[in-house]
$ cat coords-v7.txt   # compact mmCIF, C-alpha atoms
# COMPACT_ATOMS: atom_id res chain seq x y z
CA MET G 1 88.69 128.33 98.63
CA VAL G 2 90.57 125.09 98.12
CA ASP G 3 91.02 123.81 94.59
CA VAL G 4 91.89 120.13 94.21
CA LEU G 5 94.18 118.38 91.76
CA LEU G 6 94.21 114.59 91.61
CA GLY G 7 94.78 111.58 89.38
CA LEU G 8 91.93 109.81 87.61
CA GLN G 9 93.56 106.51 86.72
CA TRP G 10 95.91 104.19 88.65
CA GLY G 11 98.43 106.88 89.56
CA ASP G 12 101.48 108.15 87.66
CA GLU G 13 99.32 110.57 85.65
CA GLY G 14 101.81 113.45 85.90
CA LYS G 15 100.34 115.32 88.86
CA GLY G 16 103.64 116.78 90.06
CA LYS G 17 104.27 118.69 86.85
CA ILE G 18 100.77 120.19 86.82
CA VAL G 19 100.99 121.21 90.48
CA ASP G 20 104.36 122.82 89.79
CA TYR G 21 102.80 124.75 86.89
CA LEU G 22 99.74 125.89 88.83
CA ALA G 23 101.52 126.65 92.12
CA PRO G 24 102.28 130.34 91.34
CA GLN G 25 98.52 130.95 91.21
CA TYR G 26 98.18 129.77 94.83
CA ASP G 27 99.47 130.72 98.25
CA ILE G 28 99.63 127.18 99.67
CA VAL G 29 100.08 123.72 98.11
CA ALA G 30 98.85 120.99 100.47
CA ARG G 31 99.22 117.19 100.41
CA PHE G 32 96.13 115.55 101.92
CA GLN G 33 96.69 111.76 101.79
CA GLY G 34 99.06 108.93 101.01
CA GLY G 35 102.71 108.71 101.93
CA PRO G 36 106.11 108.05 100.38
CA ASN G 37 104.48 105.59 97.97
CA ALA G 38 103.86 108.75 95.93
CA GLY G 39 106.46 109.71 93.34
CA HIS G 40 105.80 113.13 91.81
CA THR G 41 108.35 113.82 89.07
CA LEU G 42 109.24 117.34 87.95
CA LYS G 43 111.65 118.32 85.18
CA PHE G 44 112.95 121.84 84.60
CA GLU G 45 116.25 123.62 83.92
CA GLY G 46 117.66 120.30 82.73
CA LYS G 47 117.17 118.65 86.11
CA LYS G 48 114.85 115.92 87.35
CA PHE G 49 113.29 115.97 90.81
CA VAL G 50 111.16 113.27 92.45
CA LEU G 51 109.10 114.19 95.52
CA HIS G 52 107.53 111.53 97.74
CA THR G 53 106.13 113.46 100.71
CA ILE G 54 106.87 117.16 100.27
CA PRO G 55 104.26 118.98 98.13
CA SER G 56 105.21 119.82 94.54
CA GLY G 57 104.96 123.57 95.13
CA ILE G 58 108.26 123.58 97.02
CA PHE G 59 110.25 124.60 93.93
CA ARG G 60 108.25 127.81 93.49
CA GLU G 61 109.54 130.73 95.56
CA GLY G 62 107.07 132.28 97.98
CA ILE G 63 104.66 129.34 97.92
CA MET G 64 103.84 127.71 101.27
CA ASN G 65 103.76 123.89 101.34
CA PHE G 66 101.71 121.92 103.85
CA ILE G 67 101.70 118.20 104.71
CA GLY G 68 98.23 117.46 106.07
CA ASN G 69 97.02 115.08 108.75
CA GLY G 70 95.85 112.57 106.13
CA VAL G 71 99.44 111.91 105.05
CA VAL G 72 101.58 109.21 106.68
CA VAL G 73 105.19 110.32 107.07
CA ASP G 74 108.42 108.32 107.03
CA PRO G 75 111.11 110.44 108.73
CA ILE G 76 113.86 108.71 106.70
CA THR G 77 112.21 109.53 103.37
CA ILE G 78 111.44 113.13 104.25
CA SER G 79 114.96 113.60 105.60
CA ASP G 80 116.38 112.39 102.28
CA GLU G 81 114.06 114.76 100.39
CA ILE G 82 115.15 117.72 102.49
CA ALA G 83 118.80 116.87 101.92
CA LYS G 84 118.18 116.96 98.16
CA LEU G 85 116.33 120.28 98.43
CA ILE G 86 119.31 121.74 100.27
CA SER G 87 121.72 120.38 97.64
CA PHE G 88 119.62 122.07 94.93
CA GLY G 89 119.65 125.35 96.85
CA VAL G 90 115.92 125.33 97.64
CA ASP G 91 114.96 127.46 100.65
CA TYR G 92 112.34 125.34 102.38
CA GLN G 93 112.59 126.25 106.08
CA ASN G 94 110.06 129.07 106.04
CA ARG G 95 107.84 127.46 103.42
CA LEU G 96 107.23 123.92 104.67
CA PHE G 97 104.73 123.02 107.38
CA ILE G 98 103.42 119.72 108.71
CA SER G 99 100.29 118.82 110.67
CA LYS G 100 100.90 117.57 114.18
CA LYS G 101 98.20 114.97 113.48
CA ALA G 102 100.02 113.31 110.55
CA HIS G 103 100.92 109.72 111.45
CA LEU G 104 104.48 108.39 111.55
CA ILE G 105 105.75 105.37 109.62
CA LEU G 106 108.00 103.27 111.86
CA PRO G 107 110.72 100.89 110.60
CA THR G 108 108.58 98.01 111.89
CA HIS G 109 105.70 99.22 109.71
CA ARG G 110 107.96 98.66 106.70
CA LEU G 111 109.00 95.28 108.05
CA ILE G 112 105.34 94.22 108.44
CA ASP G 113 104.65 95.44 104.90
CA ALA G 114 107.53 93.42 103.45
CA THR G 115 106.86 90.21 105.39
CA SER G 116 103.11 90.17 104.77
CA GLU G 117 103.57 90.89 101.06
CA ALA G 118 106.18 88.14 100.74
CA ALA G 119 103.83 85.68 102.44
CA LYS G 120 101.12 86.32 99.81
CA GLY G 121 103.21 84.77 97.05
CA LYS G 122 101.41 85.04 93.72
CA LYS G 123 98.53 86.91 95.37
CA LYS G 124 100.65 89.96 96.10
CA ILE G 125 98.84 93.31 96.13
CA GLY G 126 101.83 95.05 94.58
CA SER G 127 102.69 97.13 97.64
CA THR G 128 105.52 99.65 97.38
CA LEU G 129 106.76 98.17 100.72
CA LYS G 130 106.97 101.65 102.24
CA GLY G 131 104.93 100.72 105.33
CA ILE G 132 101.90 102.72 104.20
CA GLY G 133 99.21 100.07 104.80
CA PRO G 134 100.41 98.99 108.26
CA THR G 135 100.63 102.65 109.33
CA TYR G 136 97.04 103.32 108.28
CA MET G 137 96.04 100.10 110.07
CA ASP G 138 97.55 101.43 113.28
CA LYS G 139 95.84 104.76 112.67
CA THR G 140 92.39 103.19 112.41
CA GLY G 141 93.28 100.74 115.17
CA ARG G 142 94.06 103.72 117.43
CA ASN G 143 97.61 102.60 118.07
CA GLY G 144 99.51 105.03 115.89
CA LEU G 145 102.14 107.63 116.68
CA ARG G 146 101.76 111.13 115.27
CA VAL G 147 104.17 113.93 114.43
CA GLY G 148 102.99 115.92 117.43
CA ASP G 149 103.91 113.01 119.72
CA LEU G 150 107.61 113.55 119.01
CA THR G 151 107.78 116.27 121.67
CA MET G 152 105.80 114.31 124.27
CA PRO G 153 107.76 113.08 127.33
CA ASN G 154 106.48 109.51 126.87
CA PHE G 155 107.30 109.24 123.16
CA GLU G 156 110.12 106.73 123.66
CA SER G 157 108.01 104.34 125.73
CA ARG G 158 105.12 104.57 123.28
CA TYR G 159 107.49 103.86 120.41
CA GLN G 160 108.84 100.77 122.16
CA ALA G 161 105.34 99.50 122.97
CA LEU G 162 104.24 99.81 119.32
CA ARG G 163 107.52 98.27 118.16
CA GLU G 164 106.96 95.19 120.35
CA LYS G 165 103.39 94.87 119.12
CA HIS G 166 104.70 94.84 115.56
CA LEU G 167 107.38 92.26 116.32
CA ASP G 168 104.74 89.95 117.83
CA LEU G 169 102.72 90.27 114.62
CA ILE G 170 105.73 89.64 112.40
CA ARG G 171 106.34 86.28 114.05
CA LEU G 172 103.27 85.02 112.17
CA TYR G 173 105.14 85.40 108.86
CA PRO G 174 108.22 83.73 107.37
CA GLU G 175 111.47 85.55 108.10
CA ILE G 176 112.92 87.95 105.52
CA GLU G 177 116.14 89.92 105.38
CA PHE G 178 115.64 93.30 107.07
CA ASP G 179 118.24 95.23 109.09
CA LEU G 180 115.87 96.49 111.77
CA ALA G 181 118.62 97.82 114.04
CA GLY G 182 120.20 99.75 111.18
CA GLU G 183 116.87 101.14 110.00
CA GLU G 184 115.98 102.23 113.53
CA THR G 185 119.29 104.07 113.84
CA LYS G 186 118.55 105.96 110.61
CA TRP G 187 114.96 106.57 111.75
CA PHE G 188 115.93 108.26 115.01
CA GLU G 189 118.57 110.34 113.24
CA SER G 190 115.93 111.41 110.71
CA ILE G 191 113.52 112.34 113.51
CA GLU G 192 115.80 115.28 114.30
CA VAL G 193 115.45 116.49 110.70
CA LEU G 194 111.68 116.05 110.85
CA LYS G 195 111.60 118.17 114.00
CA SER G 196 113.11 121.03 112.00
CA ILE G 197 109.90 121.27 109.95
CA LYS G 198 107.41 123.67 111.46
CA GLN G 199 104.60 121.74 113.16
CA VAL G 200 101.13 123.29 113.13
CA ASP G 201 97.60 122.42 114.13
CA GLY G 202 96.46 121.70 110.59
CA VAL G 203 92.77 122.48 111.08
CA TYR G 204 93.45 126.02 112.23
CA TYR G 205 96.34 126.55 109.83
CA ILE G 206 94.29 125.73 106.74
CA ASN G 207 90.99 127.26 107.84
CA ASN G 208 92.65 130.49 108.99
CA ALA G 209 94.34 130.67 105.60
CA ILE G 210 90.97 130.23 103.86
CA ALA G 211 89.35 132.86 106.08
CA SER G 212 92.11 135.35 105.25
CA GLY G 213 91.54 134.87 101.52
CA LYS G 214 94.50 132.61 100.76
CA LYS G 215 94.26 130.37 97.70
CA ILE G 216 95.05 126.72 98.37
CA LEU G 217 95.76 123.86 95.99
CA ALA G 218 95.25 120.37 97.43
CA GLU G 219 97.62 117.90 95.78
CA GLY G 220 96.51 114.28 95.56
CA ALA G 221 98.75 111.22 95.42
CA GLN G 222 98.23 107.88 93.64
CA GLY G 223 95.02 107.77 91.53
CA SER G 224 91.26 107.45 91.88
CA MET G 225 91.28 103.78 90.89
CA LEU G 226 93.50 103.09 93.91
CA ASP G 227 91.03 104.61 96.38
CA ILE G 228 90.41 102.30 99.35
CA ASP G 229 86.62 102.52 98.90
CA PHE G 230 86.09 103.11 95.19
CA GLY G 231 89.17 101.64 93.52
CA THR G 232 89.85 98.13 92.19
CA TYR G 233 89.72 96.54 95.64
CA PRO G 234 91.71 94.80 97.08
CA TYR G 235 94.43 96.04 94.72
CA VAL G 236 94.26 99.56 96.11
CA THR G 237 96.15 101.88 98.42
CA SER G 238 95.18 102.49 102.06
CA SER G 239 93.76 106.01 101.83
CA ASN G 240 90.98 107.93 100.09
CA THR G 241 92.60 109.27 96.95
CA ILE G 242 89.48 111.01 95.64
CA ALA G 243 88.22 114.56 96.25
CA SER G 244 86.29 113.66 99.40
CA GLY G 245 89.62 112.72 100.99
CA VAL G 246 90.59 116.40 100.97
CA CYS G 247 88.08 117.16 103.74
CA ASN G 248 89.42 114.49 106.10
CA GLY G 249 93.02 114.90 105.02
CA LEU G 250 93.18 118.65 105.64
CA GLY G 251 90.33 119.28 108.06
CA ILE G 252 88.10 121.43 105.87
CA ALA G 253 84.38 121.47 105.13
CA PRO G 254 83.08 120.32 101.71
CA THR G 255 81.75 123.84 101.12
CA LYS G 256 85.34 125.12 100.99
CA ILE G 257 86.19 123.14 97.85
CA GLY G 258 86.18 124.99 94.52
CA GLU G 259 87.63 123.64 91.27
CA ILE G 260 88.41 119.91 91.09
CA ILE G 261 91.02 119.31 88.41
CA GLY G 262 91.47 115.73 87.26
CA ILE G 263 94.53 114.40 85.43
CA ALA G 264 94.60 111.46 83.02
CA LYS G 265 97.19 110.18 80.60
CA ALA G 266 96.30 109.97 76.92
CA TYR G 267 96.52 106.22 77.50
CA CYS G 268 96.51 104.08 80.68
CA THR G 269 99.17 102.62 82.94
CA ARG G 270 99.24 100.64 86.14
CA VAL G 271 102.03 99.54 88.50
CA GLY G 272 101.78 96.27 90.40
CA SER G 273 98.98 93.73 90.51
CA GLY G 274 95.27 94.16 89.95
CA PRO G 275 92.72 94.37 87.13
CA PHE G 276 93.48 96.53 84.10
CA PRO G 277 90.82 96.11 81.37
CA THR G 278 92.70 97.75 78.48
CA GLU G 279 96.15 96.33 79.22
CA LEU G 280 98.24 95.50 76.16
CA ASN G 281 100.53 92.51 76.60
CA ASP G 282 102.00 92.86 73.13
CA GLU G 283 104.37 94.99 71.08
CA VAL G 284 101.99 97.96 71.24
CA GLY G 285 102.06 97.90 75.04
CA GLU G 286 105.85 97.63 74.93
CA LYS G 287 106.01 100.58 72.53
CA LEU G 288 103.93 102.71 74.91
CA ARG G 289 106.21 101.69 77.79
CA LYS G 290 109.37 102.49 75.88
CA ILE G 291 108.30 105.84 74.44
CA GLY G 292 106.57 106.92 77.64
CA GLN G 293 109.48 105.75 79.83
CA GLU G 294 106.93 104.00 81.98
CA PHE G 295 108.88 103.00 85.04
CA GLY G 296 107.75 103.85 88.57
CA ALA G 297 109.30 106.98 90.10
CA THR G 298 109.14 105.37 93.56
CA THR G 299 109.81 101.68 92.86
CA GLY G 300 111.45 101.67 89.42
CA ARG G 301 109.07 98.89 88.40
CA ALA G 302 107.96 98.70 84.78
CA ARG G 303 104.41 99.97 84.40
CA ARG G 304 101.76 97.97 82.61
CA CYS G 305 100.43 99.91 79.62
CA GLY G 306 97.15 100.00 77.68
CA TRP G 307 94.74 102.13 75.71
CA LEU G 308 92.68 104.92 77.24
CA ASP G 309 89.66 103.51 79.09
CA LEU G 310 86.76 105.96 78.86
CA PRO G 311 84.23 104.04 81.03
CA GLN G 312 86.88 103.99 83.78
CA LEU G 313 87.68 107.67 83.25
CA LYS G 314 84.02 108.65 83.38
CA TYR G 315 83.63 106.66 86.61
CA SER G 316 86.51 108.57 88.20
CA ILE G 317 85.09 111.88 87.01
CA LEU G 318 81.73 110.94 88.54
CA ILE G 319 83.03 110.11 92.01
CA ASN G 320 85.28 113.17 92.13
CA GLY G 321 82.99 115.82 90.67
CA ILE G 322 85.69 116.87 88.21
CA THR G 323 85.31 120.38 86.76
CA GLN G 324 88.42 120.44 84.54
CA LEU G 325 90.34 117.67 82.81
CA VAL G 326 94.07 117.63 82.06
CA ILE G 327 95.47 115.16 79.51
CA THR G 328 99.15 114.29 79.90
CA LYS G 329 101.68 112.46 77.74
CA ALA G 330 99.89 113.21 74.48
CA ASP G 331 103.32 113.21 72.84
CA VAL G 332 103.77 109.50 73.59
CA LEU G 333 101.14 108.79 70.93
CA ASN G 334 102.81 110.93 68.24
CA THR G 335 103.90 107.99 66.09
CA PHE G 336 100.72 105.89 66.28
CA GLU G 337 98.78 105.84 63.00
CA ALA G 338 95.69 104.54 64.80
CA ILE G 339 94.78 104.91 68.46
CA ASN G 340 92.24 102.69 70.17
CA VAL G 341 89.96 104.01 72.91
CA ALA G 342 87.72 101.79 75.06
CA THR G 343 84.14 103.09 74.95
CA ALA G 344 82.28 100.22 76.67
CA TYR G 345 82.72 96.83 78.33
CA ARG G 346 81.09 93.54 77.54
CA TYR G 347 80.26 91.38 80.57
CA ASP G 348 77.29 89.41 81.87
CA GLY G 349 76.29 88.96 78.22
CA MET G 350 75.69 92.68 77.73
CA GLU G 351 77.51 95.78 76.56
CA GLN G 352 77.76 98.29 79.38
CA VAL G 353 79.52 101.57 80.23
CA HIS G 354 79.38 101.00 84.00
CA LEU G 355 82.27 99.42 85.87
CA PRO G 356 81.24 96.12 87.47
CA TYR G 357 81.29 95.66 91.24
CA ASP G 358 84.53 93.68 91.11
CA LEU G 359 86.82 93.99 88.11
CA GLU G 360 89.02 91.24 89.53
CA THR G 361 86.42 88.45 89.39
CA ILE G 362 84.03 89.83 86.77
CA LYS G 363 86.05 89.70 83.57
CA VAL G 364 85.28 92.40 81.05
CA THR G 365 86.07 92.68 77.36
CA PRO G 366 86.60 96.28 76.22
CA LYS G 367 84.88 97.58 73.11
CA TYR G 368 87.24 99.85 71.19
CA LYS G 369 86.81 102.76 68.83
CA SER G 370 89.74 103.41 66.51
CA ILE G 371 90.74 107.05 66.09
CA GLU G 372 93.19 108.23 63.44
CA GLY G 373 96.50 109.32 64.95
CA TRP G 374 98.13 112.70 64.25
CA THR G 375 101.56 111.18 63.39
CA SER G 376 103.40 114.44 63.93
CA ASP G 377 105.70 116.03 66.49
CA LEU G 378 104.22 118.39 69.09
CA GLU G 379 107.53 120.10 69.85
CA GLY G 380 107.30 123.89 70.08
CA LEU G 381 103.49 124.11 69.99
CA LEU G 382 102.28 126.83 72.34
CA GLY G 383 98.48 126.91 72.04
CA PHE G 384 95.45 124.72 71.43
CA GLU G 385 94.99 126.42 68.07
CA MET G 386 98.40 125.06 67.03
CA LEU G 387 97.61 121.42 67.80
CA PRO G 388 97.17 119.02 64.86
CA ASP G 389 93.52 118.60 63.83
CA LYS G 390 93.64 114.87 64.49
CA LEU G 391 94.87 115.44 68.06
CA LEU G 392 92.07 117.98 68.54
CA ASN G 393 89.63 115.33 67.28
CA TYR G 394 91.01 112.89 69.86
CA LEU G 395 90.58 115.45 72.64
CA LYS G 396 87.08 116.40 71.49
CA PHE G 397 86.04 112.74 71.48
CA ILE G 398 87.21 112.38 75.07
CA GLU G 399 85.42 115.58 76.09
CA SER G 400 82.15 114.53 74.50
CA PHE G 401 82.26 111.13 76.23
CA VAL G 402 83.05 112.34 79.75
CA ASP G 403 81.28 115.73 79.47
CA VAL G 404 84.10 117.70 81.10
CA PRO G 405 86.25 120.33 79.37
CA ILE G 406 89.92 119.55 78.71
CA THR G 407 91.78 122.68 79.80
CA MET G 408 95.42 121.53 79.58
CA VAL G 409 97.42 119.13 77.44
CA SER G 410 100.95 118.07 78.35
CA THR G 411 103.28 117.44 75.41
CA GLY G 412 106.43 116.42 77.30
CA PRO G 413 107.86 116.00 80.80
CA GLU G 414 109.43 119.46 81.06
CA ARG G 415 107.73 122.34 82.86
CA LYS G 416 107.38 124.41 79.67
CA LYS G 417 105.72 121.65 77.64
CA LEU G 418 102.17 122.32 78.70
CA ILE G 419 99.44 123.80 76.50
CA VAL G 420 96.71 125.65 78.39
CA LYS G 421 93.35 127.04 77.35
CA LYS G 422 93.74 130.64 78.51
CA GLU G 423 90.08 131.07 79.39
CA TYR G 424 90.40 128.46 82.14
CA LEU G 425 93.41 130.01 83.82
CA HIS G 426 92.82 131.48 87.28
CA ALA G 427 93.07 135.23 87.56
$ encode --input "coords-v7.txt" --output "structure tokens"
Amino acid sequence: MVDVLLGLQWGDEGKGKIVDYLAPQYDIVARFQGGPNAGHTLKFEGKKFVLHTIPSGIFREGIMNFIGNGVVVDPITISDEIAKLISFGVDYQNRLFISKKAHLILPTHRLIDATSEAAKGKKKIGSTLKGIGPTYMDKTGRNGLRVGDLTMPNFESRYQALREKHLDLIRLYPEIEFDLAGEETKWFESIEVLKSIKQVDGVYYINNAIASGKKILAEGAQGSMLDIDFGTYPYVTSSNTIASGVCNGLGIAPTKIGEIIGIAKAYCTRVGSGPFPTELNDEVGEKLRKIGQEFGATTGRARRCGWLDLPQLKYSILINGITQLVITKADVLNTFEAINVATAYRYDGMEQVHLPYDLETIKVTPKYKSIEGWTSDLEGLLGFEMLPDKLLNYLKFIESFVDVPITMVSTGPERKKLIVKKEYLHA
């Protein structure tokens, strides 16, 4: 079976740490969507690692790591990641595989991304400028290049044809500074590194693993509210970030999915533009940002911060079919005497718990419930029974609202700072 782990908010929920923790219980960790716009941060042994394309199971010995066909791959980014793995002494060569059907991000994809975003002015989407959107556009437009094409005799001519198509498109936008020649030189050098990763036919690789009894953990990127279909459109990413994306992104049937583990922060954050109902543009929001060190792992941008939004969380749980809930960054709230939680919205003259069709144009006013904070340190706590009663009350309130059990609580960025309900651990 394939268990799924994904984010339930606007990304940055702490997925990398949880995947790293769970990985020893699985044989394969697989990325199924997104691209180098992901930034999965792991901290252990006094070191910090940020992964953008390579699955977060790579730091666990003996675990296979698979980049599925739903992922878009920038050779430059993955080459840099591999160089860092080598510098850290991580043996990846026999544990990292990539689907031949994963699409390639070209330097001109990044140029299109940057020029089109710049042309939007104040209406910017908040793109990471990694070329993700243009690559998915070429994928659906049936123009894209895939990893498996690298060994084809006509790869060079196909690259040049797509490059020229992109340059024609770019002429529609104002010029920006971009060293295309330099980026292309790095890209072709990085292609040689990408070729060192074992290419497989992903459908057979994953399904043969399932048939042989292997346990697989599908690792999501971004968050459910950035899903192209069900997120806060148009301020979304270009892929399906929810559980259904696993089927297309890995090539498996829905019947092969088992547990679906959702991750949410004890509060909310968002990077870039777009609606954010519980955003705090005051000293409380700044306090959350400072304590939580809320700066993007990929872009370095300051994250917008706000209180936990339960109608939004319940919506994400609904569309994903979440079976277990993980709450991260509980420690960020340690010093708050009172914690607000949104329990409903007011719009169209009524109080409602449903998200409106368009959060961008339909303005909502959150209704908050104040919950007494625990105002104590969580350092050194090893079990749920050791958590402060007021933190347990906070967790129980969330559970009762969303009707899903909370099975893990993260109390810090390090690998060891994770409290787990033993009865929910896999055998």
$ residues_around --input "coords-v7.txt" --residues "Ile105 in chain G" --least-positions-apart "4" --cutoff "12 Å" --atoms "all atoms listed in the file" --output "ChimeraX atom specification"
/G:34-37,71-78,109-113,129-139,144-147,159,162-163,183-184,187-188,190-191
$ atom_distance --input "coords-v7.txt" --atom1 "CA of Asp3 in chain G" --atom2 "CA of Gly258 in chain G"
5.0 Å
$ closest_residue --input "coords-v7.txt" --among "G:Asp377, G:Asp20, G:Asp403, G:Asp229" --to "Leu51 in chain G" --atoms "only C-alpha atoms"
G:Asp20
$ atom_distance --input "coords-v7.txt" --atom1 "CA of Tyr26 in chain G" --atom2 "CA of Ile63 in chain G"
7.2 Å
$ closest_atom_pairs --input "coords-v7.txt" --of "range 255-356 of chain G" --to "range 220-224 of chain G" --cutoff "10 Å" --atoms "all atoms listed in the file" --output "CSV"
residue,atom,partner,partner_atom,distance
G:Gly262,CA,G:Ser224,CA,9.5
G:Ile263,CA,G:Gly223,CA,9.0
G:Ala264,CA,G:Gly223,CA,9.3
G:Arg270,CA,G:Gly223,CA,9.9
G:Gln312,CA,G:Ser224,CA,9.8
G:Leu313,CA,G:Ser224,CA,9.3
G:Tyr315,CA,G:Ser224,CA,9.3
G:Ser316,CA,G:Ser224,CA,6.1
G:Ile317,CA,G:Ser224,CA,9.0
G:Ile319,CA,G:Ser224,CA,8.7
G:Asn320,CA,G:Ser224,CA,8.3
$ residues_around --input "coords-v7.txt" --residues "Tyr394 in chain G" --least-positions-apart "5" --cutoff "12 Å" --atoms "only C-alpha atoms" --output "list in words"
Ala266, Tyr267, Leu308, Ile327, Ala330, Leu333, Ala338, Ile339, Asn340, Val341, Lys369, Ser370, Ile371, Glu372, Gly373, Trp374, Leu387, Pro388, Asp389, Glu399, Ser400, Phe401, Ile406 and Val409 of chain G
$ atom_distance --input "coords-v7.txt" --atom1 "CA of Met408 in chain G" --atom2 "CA of Leu395 in chain G"
10.4 Å
$ closest_residue --input "coords-v7.txt" --among "G:Leu42, G:Val402, G:Val364, G:Ile206" --to "Ile98 in chain G" --atoms "all atoms listed in the file"
G:Ile206
$ residues_around --input "coords-v7.txt" --residues "Gly380 in chain G" --least-positions-apart "6" --cutoff "12 Å" --atoms "all atoms listed in the file" --output "PDB file with C-alpha atoms, in the frame of the given file"
ATOM      1  CA  ASP G 331     103.320 113.210  72.840  1.00  0.00           C
ATOM      2  CA  MET G 386      98.400 125.060  67.030  1.00  0.00           C
ATOM      3  CA  LEU G 387      97.610 121.420  67.800  1.00  0.00           C
ATOM      4  CA  SER G 410     100.950 118.070  78.350  1.00  0.00           C
ATOM      5  CA  THR G 411     103.280 117.440  75.410  1.00  0.00           C
ATOM      6  CA  GLY G 412     106.430 116.420  77.300  1.00  0.00           C
ATOM      7  CA  LYS G 416     107.380 124.410  79.670  1.00  0.00           C
ATOM      8  CA  LYS G 417     105.720 121.650  77.640  1.00  0.00           C
ATOM      9  CA  LEU G 418     102.170 122.320  78.700  1.00  0.00           C
ATOM     10  CA  ILE G 419      99.440 123.800  76.500  1.00  0.00           C
TER      11      ILE G 419
END
$ closest_residue --input "coords-v7.txt" --among "G:Lys390, G:His166, G:Lys101, G:Arg304" --to "Thr115 in chain G" --atoms "only C-alpha atoms"
G:His166
$ closest_residue --input "coords-v7.txt" --among "G:Lys100, G:Arg303, G:Arg31, G:Arg60" --to "Lys195 in chain G" --atoms "only C-alpha atoms"
G:Lys100
$ closest_residue --input "coords-v7.txt" --among "G:Gln93, G:Thr343, G:Gln199, G:Thr128" --to "Lys314 in chain G" --atoms "only C-alpha atoms"
G:Thr343
$ decode --input "coords-v7.txt" --residues "range 267-278 of chain G" --atoms "N, CA and C atoms" --output "mmCIF file, in the first residue's frame"
data_model
loop_
_atom_site.group_PDB
_atom_site.id
_atom_site.type_symbol
_atom_site.label_atom_id
_atom_site.label_comp_id
_atom_site.auth_asym_id
_atom_site.auth_seq_id
_atom_site.Cartn_x
_atom_site.Cartn_y
_atom_site.Cartn_z
ATOM 1 N N TYR G 267 -0.759 27.228 13.948
ATOM 2 C CA TYR G 267 -1.273 28.516 13.489
ATOM 3 C C TYR G 267 -1.202 28.462 11.969
ATOM 4 N N CYS G 268 -1.337 29.567 11.271
ATOM 5 C CA CYS G 268 -1.306 29.555 9.805
ATOM 6 C C CYS G 268 -0.225 30.485 9.275
ATOM 7 N N THR G 269 0.330 30.106 8.119
ATOM 8 C CA THR G 269 1.238 31.001 7.405
ATOM 9 C C THR G 269 0.964 30.902 5.916
ATOM 10 N N ARG G 270 1.417 31.919 5.211
ATOM 11 C CA ARG G 270 1.329 31.909 3.754
ATOM 12 C C ARG G 270 2.467 32.747 3.181
ATOM 13 N N VAL G 271 3.067 32.281 2.095
ATOM 14 C CA VAL G 271 4.104 33.031 1.384
ATOM 15 C C VAL G 271 3.513 33.585 0.098
ATOM 16 N N GLY G 272 3.829 34.824 -0.221
ATOM 17 C CA GLY G 272 3.361 35.405 -1.475
ATOM 18 C C GLY G 272 1.960 35.972 -1.374
ATOM 19 N N SER G 273 1.386 36.254 -2.537
ATOM 20 C CA SER G 273 0.080 36.911 -2.601
ATOM 21 C C SER G 273 -1.056 35.912 -2.415
ATOM 22 N N GLY G 274 -2.254 36.461 -2.289
ATOM 23 C CA GLY G 274 -3.447 35.631 -2.204
ATOM 24 C C GLY G 274 -4.191 35.789 -0.897
ATOM 25 N N PRO G 275 -5.450 35.369 -0.857
ATOM 26 C CA PRO G 275 -6.286 35.533 0.330
ATOM 27 C C PRO G 275 -5.801 34.707 1.507
ATOM 28 N N PHE G 276 -5.977 35.259 2.699
ATOM 29 C CA PHE G 276 -5.509 34.634 3.939
ATOM 30 C C PHE G 276 -6.410 35.161 5.045
ATOM 31 N N PRO G 277 -7.557 34.502 5.308
ATOM 32 C CA PRO G 277 -8.592 35.057 6.189
ATOM 33 C C PRO G 277 -8.130 35.429 7.588
ATOM 34 N N THR G 278 -7.219 34.649 8.186
ATOM 35 C CA THR G 278 -6.850 34.911 9.582
ATOM 36 C C THR G 278 -5.520 35.653 9.722
#
